[in-house]
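K.L.:
Before anything else, here's the structure in question.
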Amino acid sequence: MHCGFCLPVCPTYEVLSEENDSPRSRIYLMRALAEGRLENTDAYDLHVGRCLGCRACETACPAGVEYGSLLERARSRASDHGLPDRLLELGLKALTSRRLAPITWRFGRILRALGLDRLAGRLAPGRLGLAAGMLGATRPAFTSGSDLALRGGPSLPEVRRDLPGSPRVSTYALLEGCVMEGLYAHVHGSTRRTLSRRGHAEVDAPGQGCCGALHAHAGKLEAARALARANIEAFEHSGAELIVTDSAGCGAALKEYPAWFRDDADLRDRAERIAARVRDISELLVDSPVAGSVLGAATASERVDRNTASGDRRSLRVAYDAPCHLLHAQGIRDAPMQALSAAGFEVEPLPSWERCCGGAGIYNIQQPELSDQVLERKLREIREGGYDLVATGNPGCMMFLGSGLARAGMQVRIAHPVELVDLAEGNAGPGPEVSRSYEETS
Ligand code: SF4
Ligand code: SF4
């Protein structure tokens with residue numbers, strides 16, 4: 001239609017004010033290449049390469065253009081991926097392969113435990129410093145329920161310790177993934193505990209691995225399909241009724257498996273059956289609340305910042321920022337905020353919550369300057385909003401936003417929504433400030 005409705009929502013168009021960096025022009029370029037009308041691919045590589053893959057244009061498009069799917073195929077045709085091809089392949093292997101990834105993540109955890117990521121984040125130049133800052137951002141936001149209060153911050157919602165057991169709701173297999181398993185095991189822990197409280201029983205899915213999203217976004221579709229095949233088999237054999245993800249990018253990839261196998265009828269059908277069973281953790285937190293209560297709802301007004309001399313009442317200020325692959329790719333808008341509200345948090349969306357942060361998988365390594373320009377608006381809003389914490393449900397967003405906040409010297413934490421819900425439900429050994437039970441306060 002060429003209507004241009006997608007232009008105002010495109011972060012690269014907003015930052016660069018350049019028609020060639022809009023969705024409409026990228027589609028022109030994709031079409032021209034597919035029809036053999038492009039002799040020189042420099043413009044194609046440049047402008048398609050600058051696309052974040054956030055898919056905000058897809059949500060805005062009245063004609064239903066499936067931009068994400070077009071982009072994955074377009075990237076597989078690009079000759080320049082912003083990094084030398086060998087380096088890109090080696091990097092993807094180091095992050096996702098069964099043999100190398102455990103070594104990479106163990107090394108990352110050691111650096112993180114020794115605090116060397118902070119040193120490298122300050123001293124190392126360019127992409128190395130950015131990678132170190134992103135590693136630092138993977139630390140758990142809380143070590144205990146009283147952590148914030150002890151540090152002079154505002155108090156958390158009251159914690160309920162006496163949650164009743166729920167009847168069994170479903171069996172599920174958790175997509176463990178690569179970076180989530182390597183650096184966000186604490187988020188997986190929160191996912192498992194909150195699901196267990198809601199009556200969901202976990203079953204193993206041996207043989208599962210990386211979802212393939214990083215490869216697909218980098219234009220390595222064959223490698224992505226190989227990973228998808230292994231996951232389809234693993235989840236089929238698990239017999240799980242549901243496949244749960246706590247990473248928006250991975251969930252979106254699992255739901256896109258049928259499109260990855262569009263030319264293979266057997267695998268496409270199997271992928272469709274798998275995709276139909278995929279749920280983001282936020283959907284399950286809302287669909288199957290803890291039996292008998294809405295946590296914290298009656299206690300929100302009781303929150304006291306005991307560290308302010310005046311005794312002013314102030315609750316934790318939580319901003320929500322939507323991962324693009326949850327909002328635009330999976331169409332999940334409100335569930336994370338509903339889950340946080342039900343757990344007793346006062347949460348509000350950032351003004352630009354529907355817009356990409358600039359992280360976009362490995363984009364921030366491929367296009368460091370542009371991703372920082374996209375991030376700038378987000379940091380400004382967090383600073384002006386005076387938030388204590390930003391909640392977002394995707395590892396790439398948590399890492400990139402977290403590193404951006406650290407680089408800007410802002411003392412604002414990043415957490416996955418399920419970590420907060422888990423904390424409000426009593427996971428993390430609350431201190432005396434937040435230990436009263438729901439019954440006592442309701
Ligand atoms: S995916 Fe995002 S960055 Fe790419 S064209 Fe669409 S809105 Fe713009
Ligand atoms: S992609 Fe959709 S919104 Fe953008 S110009 Fe084309 S029809 Fe309009």
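For the structure tokens, the naming scheme is as follows: chains receive sequential letters (A, B, ...) according to their order of presentation, residues are indexed from 1 within each chain, and ligands are indexed from 1 in presentation order.
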Kindly work out which residues sit at most 8 Å from ligand 2, using only C-alpha atoms and all ligand atoms, and give the list as a ChimeraX atom specification.
P.N.:
/A:1-7,23-24,27,57-58,60-65,67
K.L.:
Can I get the selection written as a PDB file, in the first residue's frame, with C-alpha atoms?
P.N.:
```
ATOM      1  CA  MET A   1       0.000   0.000   0.000  1.00  0.00           C
ATOM      2  CA  HIS A   2       2.999   2.305   0.548  1.00  0.00           C
ATOM      3  CA  CYS A   3       0.841   4.168   3.083  1.00  0.00           C
ATOM      4  CA  GLY A   4       3.717   4.979   5.433  1.00  0.00           C
ATOM      5  CA  PHE A   5       1.792   4.185   8.631  1.00  0.00           C
ATOM      6  CA  CYS A   6       4.852   2.236   9.707  1.00  0.00           C
ATOM      7  CA  LEU A   7       7.234   5.184   9.502  1.00  0.00           C
ATOM      8  CA  PRO A  23      10.348   0.024   6.849  1.00  0.00           C
ATOM      9  CA  ARG A  24       8.771   1.161   3.574  1.00  0.00           C
ATOM     10  CA  ILE A  27      10.673  -3.392   1.714  1.00  0.00           C
ATOM     11  CA  CYS A  57       6.240  -1.701  11.763  1.00  0.00           C
ATOM     12  CA  GLU A  58       4.406  -5.021  11.598  1.00  0.00           C
ATOM     13  CA  ALA A  60       1.400  -0.674  12.800  1.00  0.00           C
ATOM     14  CA  CYS A  61       0.824  -1.991   9.278  1.00  0.00           C
ATOM     15  CA  PRO A  62      -2.854  -1.959   8.236  1.00  0.00           C
ATOM     16  CA  ALA A  63      -2.112  -4.279   5.309  1.00  0.00           C
ATOM     17  CA  GLY A  64      -0.727  -7.092   7.451  1.00  0.00           C
ATOM     18  CA  VAL A  65       2.741  -7.082   5.893  1.00  0.00           C
ATOM     19  CA  TYR A  67       7.858  -7.761   7.990  1.00  0.00           C
TER      20      TYR A  67
END
```
K.L.:
Using only C-alpha atoms, which protein or nucleic acid residues come within 9 Å of Glu202 in chain A? Drop anything in the same chain fewer than 2 positions from it, and give the result as a list in words.
P.N.:
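Everything that qualifies: Ser170, Thr171, Tyr172, Ala173, Leu174, Arg192, Leu195, Ser196, His200, Asp204 and Ala240 of chain A.
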K.L.:
Pick out the closest residue to ligand 1 from this set: A:Ala224, A:Ala252, A:Leu370, A:Leu267. Count only C-alpha atoms and all ligand atoms.
P.N.:
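For ligand 1, the nearest of the candidates is A:Leu370.
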K.L.:
Could you report the residues within 7 Å of ligand 1, using only C-alpha atoms and all ligand atoms, as number ranges by chain?
P.N.:
A: 6, 9-13, 22-23, 26, 51-58, 67-68
K.L.:
What's the separation between CA of Ala141 in chain A and CA of Ala322 in chain A, in Å to one decimal place?
P.N.:
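That distance, rounded to one decimal, is 18.0 Å.
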K.L.:
Can you tell me, as a ChimeraX atom specification, which residues in range 205-355 of chain A count as alpha helix (DSSP H) by DSSP?
P.N.:
/A:213-217,221-238,248-260,265-275,281-287,324-327,335-342
K.L.:
Of the candidates A:Arg109, A:Pro8, A:Asp287, A:Leu95, which one gets nearest to Arg355 in chain A if we count only C-alpha atoms?
P.N.:
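The shortest atom-to-atom distance to Arg355 in chain A comes from A:Pro8.
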K.L.:
Would you kindly return, as a ChimeraX atom specification, each protein, DNA or RNA residue with an atom no farther than 12 Å from any atom of Ala259 in chain A, considering only C-alpha atoms and excluding same-chain residues fewer than 5 positions away?
P.N.:
/A:66,68-70,72-73,216,221,224-225,228,252-254,264-265,267-272,275
K.L.:
How far is it from CA of Cys250 in chain A to CA of Ile103 in chain A, in Å with one decimal?
P.N.:
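If I compute the distance from CA of Cys250 in chain A to CA of Ile103 in chain A, I get 21.2 Å.
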K.L.:
If we count only C-alpha atoms and set the cut-off at 10 Å, which residues sit around Asp246 in chain A, ignoring sequence neighbours fewer than 5 positions away in its own chain? Please answer as a list in words.
P.N.:
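Contacts, in chain order: Leu174, Leu175, Glu176, Gly177, Met180, Tyr184, Val187, His188, Ser190, Thr191, Gly251, Arg279, Asp280, Ile281, Ser282, Gly393, Asn394, Pro395, His416, Pro417 and Val418 of chain A.
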K.L.:
For the residues in the current selection, export C-alpha atoms as a PDB file, in the first residue's frame.
P.N.:
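Result saved to result.pdb:
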```pdb
ATOM      1  CA  LEU A 174      10.821 -24.993  30.181  1.00  0.00           C
ATOM      2  CA  LEU A 175      12.849 -23.819  27.206  1.00  0.00           C
ATOM      3  CA  GLU A 176      16.206 -23.488  28.915  1.00  0.00           C
ATOM      4  CA  GLY A 177      17.935 -21.828  25.982  1.00  0.00           C
ATOM      5  CA  MET A 180      19.061 -17.797  29.848  1.00  0.00           C
ATOM      6  CA  TYR A 184      19.950 -16.016  33.927  1.00  0.00           C
ATOM      7  CA  VAL A 187      15.191 -16.121  36.298  1.00  0.00           C
ATOM      8  CA  HIS A 188      14.590 -19.772  35.409  1.00  0.00           C
ATOM      9  CA  SER A 190      11.741 -17.772  39.573  1.00  0.00           C
ATOM     10  CA  THR A 191       9.824 -19.212  36.628  1.00  0.00           C
ATOM     11  CA  GLY A 251       9.276 -17.548  22.633  1.00  0.00           C
ATOM     12  CA  ARG A 279       3.389 -19.804  26.428  1.00  0.00           C
ATOM     13  CA  ASP A 280       5.294 -16.860  27.758  1.00  0.00           C
ATOM     14  CA  ILE A 281       5.627 -16.993  31.542  1.00  0.00           C
ATOM     15  CA  SER A 282       3.658 -13.740  31.882  1.00  0.00           C
ATOM     16  CA  GLY A 393      11.157  -9.974  30.012  1.00  0.00           C
ATOM     17  CA  ASN A 394      13.943 -10.623  27.548  1.00  0.00           C
ATOM     18  CA  PRO A 395      17.639 -11.268  28.239  1.00  0.00           C
ATOM     19  CA  HIS A 416      12.525  -9.818  34.769  1.00  0.00           C
ATOM     20  CA  PRO A 417       8.831  -9.487  35.771  1.00  0.00           C
ATOM     21  CA  VAL A 418       8.796 -13.085  36.995  1.00  0.00           C
TER      22      VAL A 418
END
```
K.L.:
Which of these, A:Leu46, A:Ala391, A:Ala213, A:Ala201, has the shortest distance to Gln366 in chain A once you count only C-alpha atoms?
P.N.:
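For Gln366 in chain A, the nearest of the candidates is A:Leu46.
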